[in-house]
$ cat work-v1.txt   # compact mmCIF, C-alpha atoms and all ligand atoms
# COMPACT_ATOMS: atom_id res chain seq x y z
CA MET S 1 63.03 89.65 -1.69
CA TYR S 2 62.05 86.54 0.23
CA VAL S 3 64.41 85.28 2.91
CA SER S 4 64.37 81.53 3.33
CA ARG S 5 63.44 80.03 6.67
CA PHE S 6 66.88 78.43 6.73
CA ASN S 7 70.05 80.34 6.24
CA ASN S 8 72.67 77.78 7.02
CA TYR S 9 73.51 76.85 3.47
CA GLU S 10 74.79 78.98 0.66
CA THR S 11 72.81 79.91 -2.42
CA THR S 12 69.32 79.33 -1.06
CA THR S 13 69.26 82.00 1.60
CA THR S 14 67.53 84.51 -0.63
CA VAL S 15 65.22 83.87 -3.52
CA GLU S 16 63.97 86.54 -5.87
CA LYS S 17 60.22 86.34 -6.21
CA LYS S 18 57.76 87.21 -8.95
CA PRO S 19 54.20 88.28 -8.08
CA ARG S 20 52.10 85.35 -6.77
CA GLY S 21 55.10 83.69 -5.25
CA ARG S 22 56.64 82.10 -8.35
CA THR S 23 60.39 81.66 -8.63
CA LYS S 24 61.92 84.18 -11.02
CA THR S 25 63.61 81.94 -13.57
CA LEU S 26 64.18 83.87 -16.81
CA SER S 27 66.98 86.33 -17.10
CA LEU S 28 68.63 86.94 -20.46
CA ASP S 29 72.13 86.97 -19.04
CA LYS S 30 71.81 83.53 -17.47
CA PRO S 31 72.39 80.40 -19.51
CA GLY S 32 69.22 78.44 -20.18
CA PHE S 33 68.36 74.94 -18.99
CA LEU S 34 65.89 72.19 -19.82
CA GLU S 35 64.50 70.03 -17.03
CA PHE S 36 63.31 66.52 -17.84
CA PHE S 37 61.37 64.51 -15.19
CA SER S 38 60.92 67.83 -13.42
CA GLY S 39 58.55 66.49 -10.74
CA SER S 40 57.67 69.13 -8.20
CA GLY S 41 60.31 71.58 -9.45
CA LEU S 42 62.87 71.63 -6.64
CA VAL S 43 65.70 71.25 -9.17
CA SER S 44 64.40 74.21 -11.18
CA HIS S 45 64.09 76.16 -7.97
CA ALA S 46 67.64 75.36 -6.91
CA LEU S 47 69.16 76.13 -10.34
CA ALA S 48 67.40 79.48 -10.68
CA ARG S 49 70.18 81.58 -9.25
CA HIS S 50 72.60 80.57 -12.05
CA PHE S 51 70.39 79.35 -14.90
CA SER S 52 67.13 80.35 -16.63
CA LEU S 53 64.42 77.75 -17.01
CA LEU S 54 63.51 77.40 -20.69
CA TRP S 55 61.41 74.23 -20.70
CA ALA S 56 60.35 71.49 -18.27
CA ASN S 57 58.47 68.21 -18.62
CA ASP S 58 56.84 65.61 -16.38
CA ILE S 59 54.00 63.16 -16.83
CA CYS S 60 52.40 63.38 -13.38
CA PRO S 61 49.37 65.72 -13.08
CA LYS S 62 49.77 66.17 -9.31
CA LYS S 63 53.43 67.09 -9.55
CA ALA S 64 52.57 69.38 -12.46
CA LEU S 65 50.35 71.33 -10.07
CA VAL S 66 53.28 71.75 -7.67
CA PHE S 67 55.64 72.71 -10.49
CA CYS S 68 53.26 75.27 -12.00
CA GLY S 69 52.43 76.69 -8.57
CA ASN S 70 56.06 77.65 -8.14
CA HIS S 71 57.43 78.28 -11.64
CA GLU S 72 56.33 79.85 -14.91
CA ARG S 73 53.49 77.67 -16.13
CA GLU S 74 54.17 78.38 -19.81
CA LYS S 75 57.57 76.69 -19.53
CA PHE S 76 56.03 73.44 -18.32
CA HIS S 77 54.86 70.69 -20.72
CA ARG S 78 52.94 67.83 -19.18
CA GLY S 79 53.06 64.46 -20.88
CA SER S 80 55.30 61.49 -21.46
CA ILE S 81 58.86 62.10 -22.55
CA THR S 82 58.19 59.48 -25.21
CA ALA S 83 56.07 62.10 -27.02
CA VAL S 84 58.71 64.88 -26.78
CA SER S 85 60.63 65.78 -29.94
CA GLY S 86 64.04 67.41 -29.64
CA LEU S 87 63.15 69.50 -32.70
CA ASP S 88 60.62 71.43 -30.58
CA LEU S 89 63.02 72.35 -27.79
CA PRO S 90 64.99 75.58 -27.43
CA PRO S 91 68.79 75.38 -27.40
CA ALA S 92 70.09 75.32 -23.85
CA ALA S 93 73.42 75.27 -22.01
CA LEU S 94 72.26 72.59 -19.56
CA SER S 95 69.93 69.62 -19.76
CA TRP S 96 68.97 68.02 -16.44
CA ALA S 97 67.31 64.62 -15.98
CA SER S 98 66.37 63.19 -12.57
CA PHE S 99 65.06 60.06 -14.26
CA PRO S 100 62.88 57.45 -12.46
CA CYS S 101 64.78 55.34 -9.94
CA GLN S 102 62.39 52.45 -9.25
CA ASP S 103 64.40 49.94 -11.31
CA LEU S 104 67.70 51.00 -9.76
CA SER S 105 66.94 51.47 -6.09
CA VAL S 106 68.11 48.78 -3.71
CA ALA S 107 64.48 48.17 -2.73
CA GLY S 108 63.33 47.95 -6.36
CA LYS S 109 63.25 45.02 -8.75
CA ALA S 110 66.46 44.47 -10.63
CA GLY S 111 65.38 45.67 -14.08
CA GLY S 112 68.01 48.41 -14.26
CA LEU S 113 68.32 50.69 -17.27
CA GLN S 114 66.57 48.19 -19.54
CA ALA S 115 63.36 48.32 -17.48
CA SER S 116 60.41 50.50 -18.38
CA ARG S 117 60.82 53.26 -15.77
CA SER S 118 64.55 53.81 -15.25
CA GLY S 119 64.98 52.96 -18.95
CA LEU S 120 63.34 56.32 -19.74
CA VAL S 121 66.87 57.74 -19.49
CA TRP S 122 67.32 56.49 -23.09
CA GLU S 123 64.37 58.65 -24.12
CA TRP S 124 66.22 61.65 -22.68
CA LEU S 125 69.23 60.82 -24.86
CA ARG S 126 66.95 60.26 -27.85
CA VAL S 127 65.50 63.76 -27.38
CA MET S 128 69.01 65.22 -27.08
CA ASP S 129 70.00 63.44 -30.30
CA GLU S 130 67.08 65.04 -32.12
CA MET S 131 68.05 68.55 -31.08
CA PRO S 132 69.98 70.50 -33.75
CA ALA S 133 72.35 71.65 -30.97
CA PRO S 134 72.18 69.37 -27.90
CA ALA S 135 73.09 70.96 -24.59
CA PRO S 136 76.87 71.07 -23.99
CA VAL S 137 76.40 70.25 -20.28
CA LEU S 138 74.23 67.37 -19.07
CA VAL S 139 73.29 66.18 -15.59
CA ALA S 140 71.60 62.89 -14.76
CA GLU S 141 70.63 62.30 -11.13
CA ASN S 142 69.53 59.07 -9.51
CA VAL S 143 69.88 56.76 -6.52
CA VAL S 144 73.33 55.35 -5.74
CA GLY S 145 72.18 51.93 -6.94
CA LEU S 146 72.98 53.21 -10.43
CA VAL S 147 76.71 52.88 -9.65
CA SER S 148 76.70 50.37 -6.81
CA ARG S 149 74.65 47.58 -8.39
CA GLN S 150 76.32 44.87 -10.44
CA GLY S 151 79.77 46.41 -9.90
CA GLY S 152 78.78 49.54 -11.85
CA ARG S 153 77.47 47.72 -14.94
CA GLN S 154 74.35 49.89 -15.11
CA TYR S 155 76.37 53.07 -14.84
CA ARG S 156 78.82 51.94 -17.53
CA GLN S 157 76.03 51.60 -20.09
CA LEU S 158 75.04 55.20 -19.58
CA HIS S 159 78.66 56.36 -19.52
CA ALA S 160 79.33 54.65 -22.85
CA ALA S 161 76.24 56.22 -24.42
CA LEU S 162 77.36 59.70 -23.33
CA ALA S 163 80.96 59.17 -24.43
CA GLU S 164 79.72 57.98 -27.88
CA ARG S 165 77.89 61.28 -28.18
CA GLY S 166 81.06 63.29 -27.63
CA TYR S 167 80.83 64.00 -23.90
CA ARG S 168 83.42 63.56 -21.19
CA VAL S 169 81.74 62.28 -18.05
CA GLY S 170 82.23 61.93 -14.31
CA ALA S 171 79.91 60.75 -11.55
CA PHE S 172 79.94 61.47 -7.84
CA VAL S 173 77.81 61.12 -4.74
CA LEU S 174 76.37 64.02 -2.82
CA ASP S 175 74.45 63.26 0.35
CA ALA S 176 71.88 65.85 1.46
CA VAL S 177 72.93 65.14 5.05
CA ARG S 178 75.83 67.54 4.55
CA TRP S 179 73.26 70.38 4.38
CA LEU S 180 70.05 69.01 5.90
CA PRO S 181 69.24 66.54 8.70
CA GLN S 182 68.18 63.89 6.18
CA SER S 183 70.30 60.99 4.96
CA ARG S 184 69.84 61.16 1.17
CA PRO S 185 72.82 60.04 -0.88
CA ARG S 186 72.35 60.53 -4.62
CA ILE S 187 74.52 59.96 -7.64
CA PHE S 188 75.08 62.88 -10.03
CA ILE S 189 76.45 62.23 -13.49
CA VAL S 190 77.83 65.40 -15.03
CA ALA S 191 78.83 65.35 -18.70
CA ALA S 192 80.53 68.15 -20.64
CA ARG S 193 80.84 68.13 -24.40
CA GLN S 194 84.44 67.68 -25.53
CA THR S 195 84.35 71.23 -26.98
CA VAL S 196 83.82 72.72 -23.47
CA LYS S 197 87.13 74.08 -22.17
CA THR S 198 86.68 72.74 -18.65
CA PRO S 199 88.51 75.00 -16.17
CA PRO S 200 91.37 72.99 -14.58
CA GLU S 201 90.19 73.86 -11.06
CA LEU S 202 87.05 71.75 -11.67
CA LEU S 203 89.09 68.60 -12.23
CA ASP S 204 91.11 66.37 -9.91
CA ALA S 205 93.83 63.87 -10.74
CA GLY S 206 91.95 61.08 -8.93
CA PRO S 207 89.13 60.36 -6.46
CA ASN S 208 88.28 62.95 -3.79
CA TRP S 209 85.52 63.40 -1.17
CA LEU S 210 82.87 63.21 -3.90
CA HIS S 211 83.82 59.71 -4.98
CA SER S 212 82.57 56.69 -3.05
CA LYS S 213 84.18 53.26 -3.38
CA ALA S 214 81.36 52.23 -5.73
CA VAL S 215 82.04 55.24 -7.98
CA VAL S 216 85.76 54.48 -8.04
CA ALA S 217 85.00 50.86 -8.96
CA ALA S 218 82.52 51.87 -11.67
CA ALA S 219 85.04 54.34 -13.17
CA ARG S 220 87.88 51.85 -13.46
CA GLY S 221 89.25 51.73 -17.00
CA LEU S 222 86.62 54.01 -18.51
CA ASP S 223 87.49 56.32 -21.39
CA ASP S 224 86.46 59.95 -21.15
CA TRP S 225 86.09 59.76 -17.36
CA LEU S 226 86.49 63.00 -15.35
CA TRP S 227 87.21 63.28 -11.63
CA TRP S 228 85.08 66.34 -10.90
CA LYS S 229 86.23 68.57 -8.07
CA MET S 230 84.27 70.93 -5.82
CA PRO S 231 85.13 72.43 -2.43
CA GLU S 232 83.91 70.39 0.53
CA PRO S 233 80.92 72.12 2.16
CA ARG S 234 81.10 73.51 5.67
CA PRO S 235 79.72 71.21 8.39
CA ARG S 236 75.94 71.23 8.61
CA SER S 237 74.46 73.55 11.18
CA LEU S 238 70.76 72.63 10.86
CA SER S 239 69.71 69.97 13.36
CA LEU S 240 66.67 67.73 13.32
CA SER S 241 65.25 69.52 16.36
CA GLU S 242 65.13 72.75 14.32
CA VAL S 243 63.05 70.99 11.68
CA VAL S 244 60.57 69.36 14.08
CA ASP S 245 57.17 70.99 14.70
CA TRP S 246 57.14 70.33 18.43
CA ASP S 247 53.48 71.29 18.79
CA ALA S 248 52.12 69.19 15.91
CA PRO S 249 49.33 66.81 16.95
CA CYS S 250 50.37 63.26 17.75
CA PHE S 251 48.45 59.96 17.52
CA ASP S 252 45.70 59.36 20.06
CA ASP S 253 46.46 56.96 22.92
CA ALA S 254 45.17 53.83 21.20
CA ALA S 255 47.06 54.44 17.94
CA ALA S 256 50.18 55.52 19.86
CA GLN S 257 50.20 52.36 21.97
CA LYS S 258 49.85 50.19 18.90
CA THR S 259 52.67 51.99 17.07
CA LEU S 260 55.06 52.29 20.03
CA ALA S 261 54.61 48.58 20.70
CA LEU S 262 56.38 47.92 17.38
CA ILE S 263 59.64 49.47 18.62
CA PRO S 264 62.18 46.72 19.47
CA ALA S 265 63.32 46.73 23.11
CA SER S 266 66.92 47.42 22.08
CA HIS S 267 65.79 50.54 20.22
CA TRP S 268 63.83 51.75 23.26
CA ARG S 269 66.90 51.36 25.41
CA ARG S 270 69.07 53.23 22.93
CA PHE S 271 66.49 56.02 22.60
CA LEU S 272 66.26 56.48 26.35
CA ALA S 273 70.04 56.44 26.73
CA SER S 274 70.62 58.76 23.76
CA GLY S 275 69.39 61.96 25.36
CA LEU S 276 67.59 62.73 22.07
CA GLN S 277 64.25 64.51 22.33
CA ALA S 278 62.94 62.87 19.16
CA ALA S 279 63.92 59.90 17.02
CA PRO S 280 62.64 59.25 13.48
CA GLY S 281 61.92 55.76 12.24
CA TYR S 282 60.42 53.54 9.57
CA LYS S 283 58.30 50.44 9.90
CA ARG S 284 60.09 47.41 8.50
CA ILE S 285 59.57 43.68 8.33
CA ARG S 286 62.20 41.76 10.31
CA GLN S 287 61.97 37.99 10.65
CA LYS S 288 58.40 38.15 9.31
CA ARG S 289 57.37 40.65 12.01
CA GLN S 290 56.60 44.33 11.60
CA VAL S 291 58.84 46.57 13.71
CA LEU S 292 59.35 50.31 14.01
CA GLU S 293 63.09 50.89 13.78
CA LEU S 294 64.42 54.19 15.10
CA ARG S 295 67.61 56.02 14.25
CA PHE S 296 69.77 57.76 16.82
CA ASP S 297 72.05 60.05 14.80
CA ASP S 298 69.68 63.06 14.94
CA VAL S 299 69.05 62.69 11.21
CA ALA S 300 65.89 61.62 9.39
CA GLY S 301 66.00 58.58 7.13
CA CYS S 302 65.76 59.11 3.39
CA LEU S 303 62.29 60.33 2.43
CA ARG S 304 60.82 58.19 -0.29
CA THR S 305 57.65 57.88 -2.25
CA PRO S 306 54.96 56.39 -0.02
CA GLN S 307 53.56 53.20 -1.49
CA GLY S 308 50.81 52.08 0.81
CA GLY S 309 51.48 53.13 4.40
CA SER S 310 54.77 51.34 4.98
CA SER S 311 57.23 53.88 3.64
CA ARG S 312 56.09 56.91 5.61
CA GLN S 313 58.43 58.13 8.29
CA TYR S 314 57.44 58.28 11.98
CA LEU S 315 58.70 60.52 14.73
CA VAL S 316 58.83 59.32 18.34
CA ILE S 317 58.98 62.19 20.82
CA ARG S 318 60.19 61.70 24.36
CA GLU S 319 57.90 62.81 27.21
CA ALA S 320 58.54 62.96 30.96
CA ASP S 321 56.31 59.91 31.43
CA GLY S 322 56.80 58.02 28.17
CA ALA S 323 56.62 58.98 24.52
CA ARG S 324 54.30 60.36 21.84
CA VAL S 325 54.38 59.31 18.21
CA ARG S 326 53.16 60.64 14.86
CA LEU S 327 54.04 60.76 11.17
CA LEU S 328 56.30 63.56 9.93
CA THR S 329 54.23 66.63 9.07
CA VAL S 330 54.02 68.16 5.60
CA ASP S 331 56.13 71.13 6.75
CA GLU S 332 58.78 68.87 8.23
CA ILE S 333 58.97 66.90 4.99
CA ALA S 334 59.40 70.09 2.96
CA ARG S 335 62.06 71.41 5.34
CA LEU S 336 63.95 68.11 5.16
CA MET S 337 64.17 68.66 1.38
CA GLY S 338 65.32 72.26 1.81
CA ALA S 339 62.17 73.69 0.18
CA PRO S 340 61.69 77.30 1.24
CA ALA S 341 58.70 78.14 3.43
CA SER S 342 57.10 79.95 0.47
CA TYR S 343 57.17 76.84 -1.75
CA LYS S 344 53.58 75.95 -2.58
CA LEU S 345 52.64 72.33 -1.95
CA PRO S 346 49.04 71.72 -3.02
CA GLY S 347 47.24 68.43 -2.37
CA GLY S 348 46.83 66.12 0.58
CA TYR S 349 49.40 64.52 2.86
CA ASN S 350 50.30 61.68 0.50
CA ASP S 351 50.54 64.05 -2.50
CA VAL S 352 53.06 66.24 -0.69
CA TYR S 353 54.96 63.23 0.59
CA LYS S 354 55.13 61.83 -2.95
CA ALA S 355 56.17 65.18 -4.44
CA MET S 356 58.96 65.62 -1.91
CA GLY S 357 59.95 61.96 -1.55
CA ASP S 358 60.88 61.78 -5.23
CA ALA S 359 62.66 65.11 -5.37
CA ALA S 360 66.25 66.33 -5.28
CA ALA S 361 67.20 68.28 -2.16
CA VAL S 362 67.47 72.02 -2.83
CA PRO S 363 70.82 72.87 -1.19
CA VAL S 364 72.53 69.93 -2.90
CA VAL S 365 71.48 71.09 -6.37
CA ALA S 366 72.24 74.71 -5.47
CA TYR S 367 75.75 73.71 -4.39
CA LEU S 368 76.34 71.80 -7.60
CA ALA S 369 75.05 74.74 -9.65
CA ARG S 370 77.27 77.19 -7.86
CA HIS S 371 80.49 75.21 -7.71
CA LEU S 372 80.44 73.20 -10.93
CA LEU S 373 77.61 73.79 -13.42
CA SER S 374 77.75 77.60 -13.55
CA LYS S 375 81.52 77.40 -14.05
CA LEU S 376 81.10 74.94 -16.90
CA ALA S 377 78.46 77.18 -18.46
CA ALA S 378 80.85 80.13 -18.19
CA ALA S 379 83.47 78.08 -20.04
CA LEU S 380 81.32 77.48 -23.12
CA SER S 381 82.70 78.69 -26.43
CA SER S 382 81.35 82.06 -27.59
CA GLU S 383 79.25 80.29 -30.30
CA GLU S 384 77.71 77.88 -27.78
CA ARG S 385 77.06 80.72 -25.37
CA ALA S 386 75.41 82.89 -27.99
CA LEU S 387 73.14 80.01 -28.99
CA THR S 388 72.06 79.11 -25.48
CA LEU S 389 71.47 82.72 -24.41
CA LYS S 390 69.13 83.33 -27.35
CA ALA S 391 65.55 84.23 -26.54
CA PRO S 392 63.80 80.91 -25.95
CA ASN S 393 61.39 79.29 -28.37
CA PRO S 394 59.83 76.73 -26.08
CA GLY S 395 57.94 74.70 -28.67
CA GLY S 396 54.30 75.57 -28.19
CA PRO S 397 52.31 76.72 -25.22
CA GLY S 398 52.76 75.13 -21.80
CA GLN S 399 50.12 72.61 -20.87
CA ALA S 400 47.84 72.93 -17.91
CA PRO S 401 48.70 70.58 -15.07
CA GLY S 402 45.62 68.50 -14.69
C1 LIG S 501 62.87 60.83 -9.54
S1 LIG S 501 61.46 61.72 -9.98
C2 LIG S 501 62.16 63.30 -10.35
C3 LIG S 501 61.69 64.34 -9.37
C4 LIG S 501 62.18 65.74 -9.61
N1 LIG S 501 63.58 65.84 -9.83
C5 LIG S 501 61.80 66.62 -8.41
O1 LIG S 501 62.67 67.32 -7.87
O2 LIG S 501 60.65 66.56 -7.99
C6 LIG S 501 61.09 61.06 -11.58
C7 LIG S 501 59.98 61.80 -12.29
O3 LIG S 501 59.77 61.20 -13.57
C8 LIG S 501 58.41 61.38 -13.90
N2 LIG S 501 58.07 60.46 -15.01
C9 LIG S 501 57.84 59.12 -14.92
N3 LIG S 501 57.55 58.65 -16.15
C10 LIG S 501 57.62 59.67 -17.02
C11 LIG S 501 57.42 59.80 -18.42
N4 LIG S 501 57.09 58.74 -19.19
N5 LIG S 501 57.56 61.01 -18.99
C12 LIG S 501 57.87 62.10 -18.24
N6 LIG S 501 58.06 62.05 -16.90
C13 LIG S 501 57.95 60.85 -16.30
C14 LIG S 501 57.68 61.12 -12.59
O4 LIG S 501 56.39 61.70 -12.58
C15 LIG S 501 58.64 61.75 -11.57
O5 LIG S 501 58.24 63.06 -11.25

$ encode --input "work-v1.txt" --output "structure tokens"
Amino acid sequence: MYVSRFNNYETTTTVEKKPRGRTKTLSLDKPGFLEFFSGSGLVSHALARHFSLLWANDICPKKALVFCGNHEREKFHRGSITAVSGLDLPPAALSWASFPCQDLSVAGKAGGLQASRSGLVWEWLRVMDEMPAPAPVLVAENVVGLVSRQGGRQYRQLHAALAERGYRVGAFVLDAVRWLPQSRPRIFIVAARQTVKTPPELLDAGPNWLHSKAVVAAARGLDDWLWWKMPEPRPRSLSLSEVVDWDAPCFDDAAAQKTLALIPASHWRRFLASGLQAAPGYKRIRQKRQVLELRFDDVAGCLRTPQGGSSRQYLVIREADGARVRLLTVDEIARLMGAPASYKLPGGYNDVYKAMGDAAAVPVVAYLARHLLSKLAAALSSEERALTLKAPNPGGPGQAPG
């Protein structure tokens, strides 16, 4: 039994391990799940307490290495979703898709769900349509831009497509900052087939803590909308200072001077007055000048995929006679995503940053699995349950990562 480095959040404190450190994911009494766009496997890791991984897919060879280093390799199928046929997939209780966000994020171009990357969500639905028995519970996860942009128009397209297929659907926002010192709001769309007898305690009469203004606006007037309900988590106990490697090497004097010079004077003043030992920050362009903007709420900014050097997060550390500065370390990045210390992260700095920057935070998914998804799976009809608990037939051997 491995005990996670962090024990402040439920459901990830202990993780059963197989030999060679892989997450134990198959148990015949757990409902099965399929993971599309599985990336580095943090979703599969977080679901493992309540669900058995049957099949996973991603196109990226580097992320495949991370996935296969931590999960059963034979369940993983590398390649484009466009080449996946639903006829080859095992029946499952749950189908999860953390589909690409580039066309939906605030920073991205405005292509939305019709663009080539975020539009892959339609491929997920195409695969579901091809399955003789599509999963009765679906989850799609993405950035909040999916509901907040264009007054929810993007979200409504997806909602309509799910409702047409016989699902009742609700969306909500969970921010990883409730569990981890990282601001990472994400939208979760949870759909249950109309045949699922949803327990009344999972539903509210109207918006609750899960529903942002943008979600409420996007939901207005929609058929088959559900106000999902879960208990509010306890206040976070993990602070940024517990995540920081205080002894990690910092930039040399020349590089430090150059980087610290980018901090606006107002941010220096706030840092000095804050009493904080360390402040994270991103480089940004403001009025055509590059600046290093710090935050002072003892929380890291949202990790994202590094494109070039500009989207990597810095840490400024106070010293008696000034300050040191460096990039976040690989271990800090993994901790900020809630990955356990045993989670294998092969590759160089940028590979790890990319694998984690794209991922879903472990305690968020674990919370959702515990308080909503496992309860929906338990409410499946006996026929649906029997089908999704059947020994898996994962459609050919798993493919090697690289
Ligand atoms: C938002 S990330 C999901 C990350 C994942 N949930 C995790 O925890 O690491 C989107 C993923 O979609 C994958 N992807 C992009 N295009 C794809 C395609 N055509 N077929 C399959 N996967 C694709 C990317 O490699 C990336 O890992």

$ residues_near_ligand --input "work-v1.txt" --ligand "ligand LIG 501 (chain S)" --cutoff "7 Å" --atoms "all atoms listed in the file" --output "list in words"
Phe36, Phe37, Ser38, Gly39, Ser40, Gly41, Leu42, Val43, Asn57, Asp58, Ile59, Cys60, Lys63, Gly79, Ser80, Ile81, Thr82, Ser98, Phe99, Pro100, Cys101, Arg117, Leu120, Asn142, Ala355, Met356, Asp358, Ala359 and Ala360 of chain S

$ closest_residue --input "work-v1.txt" --among "S:Gly69, S:Pro207, S:Gly357, S:Pro235" --to "Pro181 in chain S" --atoms "only C-alpha atoms"
S:Pro235

$ closest_residue --input "work-v1.txt" --among "S:Met131, S:Leu146, S:Trp179, S:Leu65" --to "Ser237 in chain S" --atoms "only C-alpha atoms"
S:Trp179

$ atom_distance --input "work-v1.txt" --atom1 "CA of Leu315 in chain S" --atom2 "CA of Ala278 in chain S"
6.6 Å

$ atom_distance --input "work-v1.txt" --atom1 "CA of His77 in chain S" --atom2 "CA of Tyr353 in chain S"
22.6 Å

$ closest_residue --input "work-v1.txt" --among "S:Pro233, S:Pro91, S:Pro61, S:Gly221" --to "Ala386 in chain S" --atoms "only C-alpha atoms"
S:Pro91
